[in-house]
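Worksheet: one structure, shown below.
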Amino acid sequence: MSEIDETAPAPETQVPRPNALSRIGGLLTSPADTMKDVALRPDVLVPLIIILLGVFLSFWLITPKIDDSATLRETLVEREMTEQQIDEVVARMEQFKGIAAFVNPIMVFLIAILLPAAVYWVVFLAFGSQAKFKQFLSVVLYSWMPILLRYLLLPLVLWGRSGMTTWEAQTALRSNLGFLSSPTESPVRFAILSSIDIFTFAGLALMVIGFAAASRFSRGQAAAIVIAGYLVTIGIGAGIAAAFA
């Protein structure tokens, strides 16, 4: 019989990819290792479905509780519109509320997930990254889980309440500083303070870890790019608020 070569290397075993649910749990227990794995072995479909379903559920529960008609009437009166014109505008707004519960989750995906993933991917490529877009999209999706938690907590905070304005609903959770201001008194200040949000900051931290792993950049370099991008986003939001003030 031939002798077994004990010095021969053992065959490599392929580590199975964690499923999306275990990765979401890993964001709590080991966020750094989880986001590294998300960046190096990206997946998109399941986290995307979870986010869309969660956002849809949140809007579906919250939308019937919001009544902006009084605020809208005050605004239209200041623009010297007739009572008949005001009634027509308010009626159109009420018709749109039912559609908004279905449209908003799609808009959230396009504006708050797909757009940042694409923009950051292009910026990192410009600085020398070789990462694929799927890696960046996967990172953004999993980084969005803290923000999804905010969406899911909001209906619980608003349980039993009705007739609120959009501003009251947005600030009811007290996770950001928007409650210190008002969009009617100071739209720009409200837009800036609303951006100072603990759930958003948690998502940005996860994004830094994931982008650094995907691009092979240091976390300091990734943080500089992510923070700069977020500051630009705040500036754009404040500019839009000023334009419509």
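Within each chain, counting starts at residue 1; across the structure tokens, chains are named A, B, ... in the order shown, with ligands numbered 1 upward in that order.
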
Counting only C-alpha atoms, give me one row per residue of stretch 104-154 of chain A with an atom at most 9 Å from an atom of stretch 194-217 of chain A, showing the shortest contact pair and its distance in Å to one decimal, sorted by chain then residue number, as a Markdown table.
| residue | atom | partner | partner_atom | distance |
| --- | --- | --- | --- | --- |
| A:Tyr120 | CA | A:Phe211 | CA | 8.8 |
| A:Trp121 | CA | A:Phe211 | CA | 8.8 |
| A:Phe124 | CA | A:Ser215 | CA | 7.2 |
| A:Leu125 | CA | A:Ser215 | CA | 8.4 |
| A:Gly128 | CA | A:Ser215 | CA | 8.3 |
| A:Ser129 | CA | A:Ser215 | CA | 4.9 |
| A:Gln130 | CA | A:Ser215 | CA | 6.3 |
| A:Ala131 | CA | A:Ser215 | CA | 5.3 |
| A:Lys132 | CA | A:Ala214 | CA | 8.1 |
| A:Gln135 | CA | A:Ala214 | CA | 6.5 |
| A:Phe136 | CA | A:Phe211 | CA | 6.7 |
| A:Ser138 | CA | A:Gly210 | CA | 8.9 |
| A:Val139 | CA | A:Gly210 | CA | 5.5 |
| A:Val140 | CA | A:Met207 | CA | 6.3 |
| A:Tyr142 | CA | A:Leu206 | CA | 8.0 |
| A:Ser143 | CA | A:Gly203 | CA | 4.6 |
| A:Trp144 | CA | A:Gly203 | CA | 5.7 |
| A:Met145 | CA | A:Gly203 | CA | 7.2 |
| A:Pro146 | CA | A:Phe199 | CA | 5.3 |
| A:Ile147 | CA | A:Phe199 | CA | 5.4 |
| A:Leu148 | CA | A:Phe199 | CA | 8.7 |
| A:Leu149 | CA | A:Phe199 | CA | 8.0 |
| A:Arg150 | CA | A:Phe199 | CA | 6.7 |

Can I get the selected residues back with N, CA, C and O atoms, as a PDB file, in the first residue's frame?
ATOM      1  N   TYR A 120     -22.302  57.118  -5.909  1.00  0.00           N
ATOM      2  CA  TYR A 120     -21.107  56.740  -5.149  1.00  0.00           C
ATOM      3  C   TYR A 120     -20.225  55.790  -5.956  1.00  0.00           C
ATOM      4  O   TYR A 120     -18.990  55.866  -5.890  1.00  0.00           O
ATOM      5  N   TRP A 121     -20.836  54.888  -6.704  1.00  0.00           N
ATOM      6  CA  TRP A 121     -20.049  53.962  -7.529  1.00  0.00           C
ATOM      7  C   TRP A 121     -19.206  54.737  -8.534  1.00  0.00           C
ATOM      8  O   TRP A 121     -18.004  54.471  -8.695  1.00  0.00           O
ATOM      9  N   PHE A 124     -16.372  56.634  -6.680  1.00  0.00           N
ATOM     10  CA  PHE A 124     -15.285  55.735  -6.275  1.00  0.00           C
ATOM     11  C   PHE A 124     -14.489  55.257  -7.491  1.00  0.00           C
ATOM     12  O   PHE A 124     -13.259  55.098  -7.409  1.00  0.00           O
ATOM     13  N   LEU A 125     -15.161  55.015  -8.607  1.00  0.00           N
ATOM     14  CA  LEU A 125     -14.442  54.654  -9.831  1.00  0.00           C
ATOM     15  C   LEU A 125     -13.486  55.769 -10.246  1.00  0.00           C
ATOM     16  O   LEU A 125     -12.360  55.503 -10.689  1.00  0.00           O
ATOM     17  N   GLY A 128     -10.287  55.548  -8.551  1.00  0.00           N
ATOM     18  CA  GLY A 128      -9.463  54.369  -8.792  1.00  0.00           C
ATOM     19  C   GLY A 128     -10.042  53.042  -8.353  1.00  0.00           C
ATOM     20  O   GLY A 128      -9.366  52.007  -8.449  1.00  0.00           O
ATOM     21  N   SER A 129     -11.266  53.011  -7.892  1.00  0.00           N
ATOM     22  CA  SER A 129     -11.889  51.751  -7.471  1.00  0.00           C
ATOM     23  C   SER A 129     -12.151  50.851  -8.677  1.00  0.00           C
ATOM     24  O   SER A 129     -12.420  51.331  -9.780  1.00  0.00           O
ATOM     25  N   GLN A 130     -12.084  49.540  -8.457  1.00  0.00           N
ATOM     26  CA  GLN A 130     -12.402  48.564  -9.492  1.00  0.00           C
ATOM     27  C   GLN A 130     -13.683  47.789  -9.156  1.00  0.00           C
ATOM     28  O   GLN A 130     -13.968  46.758  -9.784  1.00  0.00           O
ATOM     29  N   ALA A 131     -14.442  48.273  -8.198  1.00  0.00           N
ATOM     30  CA  ALA A 131     -15.633  47.559  -7.729  1.00  0.00           C
ATOM     31  C   ALA A 131     -16.722  47.567  -8.793  1.00  0.00           C
ATOM     32  O   ALA A 131     -16.785  48.445  -9.661  1.00  0.00           O
ATOM     33  N   LYS A 132     -17.602  46.570  -8.719  1.00  0.00           N
ATOM     34  CA  LYS A 132     -18.746  46.471  -9.607  1.00  0.00           C
ATOM     35  C   LYS A 132     -19.936  47.219  -9.019  1.00  0.00           C
ATOM     36  O   LYS A 132     -20.043  47.385  -7.797  1.00  0.00           O
ATOM     37  N   GLN A 135     -21.930  45.451  -6.282  1.00  0.00           N
ATOM     38  CA  GLN A 135     -21.369  45.527  -4.931  1.00  0.00           C
ATOM     39  C   GLN A 135     -21.864  46.781  -4.216  1.00  0.00           C
ATOM     40  O   GLN A 135     -22.260  46.731  -3.051  1.00  0.00           O
ATOM     41  N   PHE A 136     -21.848  47.902  -4.922  1.00  0.00           N
ATOM     42  CA  PHE A 136     -22.285  49.156  -4.297  1.00  0.00           C
ATOM     43  C   PHE A 136     -23.780  49.138  -4.023  1.00  0.00           C
ATOM     44  O   PHE A 136     -24.227  49.626  -2.977  1.00  0.00           O
ATOM     45  N   SER A 138     -25.614  46.497  -3.410  1.00  0.00           N
ATOM     46  CA  SER A 138     -25.826  45.593  -2.278  1.00  0.00           C
ATOM     47  C   SER A 138     -25.472  46.284  -0.964  1.00  0.00           C
ATOM     48  O   SER A 138     -26.194  46.163   0.029  1.00  0.00           O
ATOM     49  N   VAL A 139     -24.364  47.019  -0.959  1.00  0.00           N
ATOM     50  CA  VAL A 139     -23.957  47.751   0.247  1.00  0.00           C
ATOM     51  C   VAL A 139     -25.015  48.773   0.652  1.00  0.00           C
ATOM     52  O   VAL A 139     -25.384  48.890   1.818  1.00  0.00           O
ATOM     53  N   VAL A 140     -25.520  49.528  -0.324  1.00  0.00           N
ATOM     54  CA  VAL A 140     -26.532  50.542  -0.020  1.00  0.00           C
ATOM     55  C   VAL A 140     -27.811  49.887   0.506  1.00  0.00           C
ATOM     56  O   VAL A 140     -28.425  50.384   1.462  1.00  0.00           O
ATOM     57  N   TYR A 142     -28.209  47.025   2.189  1.00  0.00           N
ATOM     58  CA  TYR A 142     -28.058  46.577   3.578  1.00  0.00           C
ATOM     59  C   TYR A 142     -27.811  47.759   4.522  1.00  0.00           C
ATOM     60  O   TYR A 142     -28.218  47.718   5.693  1.00  0.00           O
ATOM     61  N   SER A 143     -27.175  48.807   4.016  1.00  0.00           N
ATOM     62  CA  SER A 143     -26.985  50.008   4.843  1.00  0.00           C
ATOM     63  C   SER A 143     -28.307  50.719   5.107  1.00  0.00           C
ATOM     64  O   SER A 143     -28.406  51.533   6.024  1.00  0.00           O
ATOM     65  N   TRP A 144     -29.309  50.411   4.289  1.00  0.00           N
ATOM     66  CA  TRP A 144     -30.620  51.039   4.430  1.00  0.00           C
ATOM     67  C   TRP A 144     -31.467  50.383   5.516  1.00  0.00           C
ATOM     68  O   TRP A 144     -32.537  50.892   5.859  1.00  0.00           O
ATOM     69  N   MET A 145     -31.014  49.271   6.080  1.00  0.00           N
ATOM     70  CA  MET A 145     -31.813  48.557   7.070  1.00  0.00           C
ATOM     71  C   MET A 145     -32.113  49.393   8.326  1.00  0.00           C
ATOM     72  O   MET A 145     -33.221  49.334   8.856  1.00  0.00           O
ATOM     73  N   PRO A 146     -31.165  50.183   8.862  1.00  0.00           N
ATOM     74  CA  PRO A 146     -31.530  51.063   9.983  1.00  0.00           C
ATOM     75  C   PRO A 146     -32.615  52.070   9.605  1.00  0.00           C
ATOM     76  O   PRO A 146     -33.493  52.381  10.421  1.00  0.00           O
ATOM     77  N   ILE A 147     -32.568  52.591   8.385  1.00  0.00           N
ATOM     78  CA  ILE A 147     -33.587  53.543   7.944  1.00  0.00           C
ATOM     79  C   ILE A 147     -34.930  52.837   7.777  1.00  0.00           C
ATOM     80  O   ILE A 147     -35.988  53.398   8.092  1.00  0.00           O
ATOM     81  N   LEU A 148     -34.895  51.586   7.295  1.00  0.00           N
ATOM     82  CA  LEU A 148     -36.130  50.810   7.207  1.00  0.00           C
ATOM     83  C   LEU A 148     -36.730  50.611   8.591  1.00  0.00           C
ATOM     84  O   LEU A 148     -37.964  50.662   8.748  1.00  0.00           O
ATOM     85  N   LEU A 149     -35.884  50.411   9.591  1.00  0.00           N
ATOM     86  CA  LEU A 149     -36.375  50.276  10.964  1.00  0.00           C
ATOM     87  C   LEU A 149     -37.118  51.529  11.400  1.00  0.00           C
ATOM     88  O   LEU A 149     -38.160  51.449  12.061  1.00  0.00           O
ATOM     89  N   ARG A 150     -36.608  52.691  11.013  1.00  0.00           N
ATOM     90  CA  ARG A 150     -37.305  53.945  11.321  1.00  0.00           C
ATOM     91  C   ARG A 150     -38.683  53.977  10.671  1.00  0.00           C
ATOM     92  O   ARG A 150     -39.669  54.381  11.301  1.00  0.00           O
TER      93      ARG A 150
END

Step one, run DSSP on the backbone; step two, keep only residues of stretch 3-210 of chain A assigned to strand (DSSP E or B); then write them as a list in words.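 In stretch 3-210 of chain A, DSSP puts these residues in strand (DSSP E or B): Ile66, Met164, Asn176 and Asp197 of chain A.
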
Using N, CA, C and O atoms, can you write the selected residues to a file as a compact mmCIF listing (two decimals), in the first residue's frame?
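Result file is out-v7.txt:
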# COMPACT_ATOMS: atom_id res chain seq x y z
N ILE A 66 -52.69 61.18 7.93
CA ILE A 66 -52.18 62.52 7.61
C ILE A 66 -53.26 63.36 6.94
O ILE A 66 -53.95 62.91 6.03
N MET A 164 -53.00 64.39 11.51
CA MET A 164 -51.70 65.04 11.64
C MET A 164 -51.25 65.64 10.31
O MET A 164 -51.68 65.19 9.24
N ASN A 176 -34.62 62.50 14.69
CA ASN A 176 -33.83 63.59 14.13
C ASN A 176 -34.21 64.89 14.81
O ASN A 176 -35.12 64.93 15.64
N ASP A 197 -30.05 62.67 11.81
CA ASP A 197 -30.91 61.56 12.20
C ASP A 197 -30.05 60.37 12.61
O ASP A 197 -29.13 59.99 11.87

Run DSSP on the backbone of this structure and report the residues of stretch 19-219 of chain A it assigns to alpha helix (DSSP H), as a PyMOL selection string. chain A and resi 20-29+31-40+45-62+69-78+83-108+115-126+133-143+145-157+166-171+187-194+198-215+219

Calculate how many Å separate atom CA of A:Ser58 from atom CA of A:Leu153, rounding to one decimal. 8.5 Å

List the spatial neighbours of A:Thr34 as a VMD selection string - criterion: any atom at most 12 Å away, only C-alpha atoms, same-chain residues fewer than 3 positions off excluded. chain A and resid 17 to 31 37 to 42 138 to 139 142 to 143 206 to 207 209 to 210 213
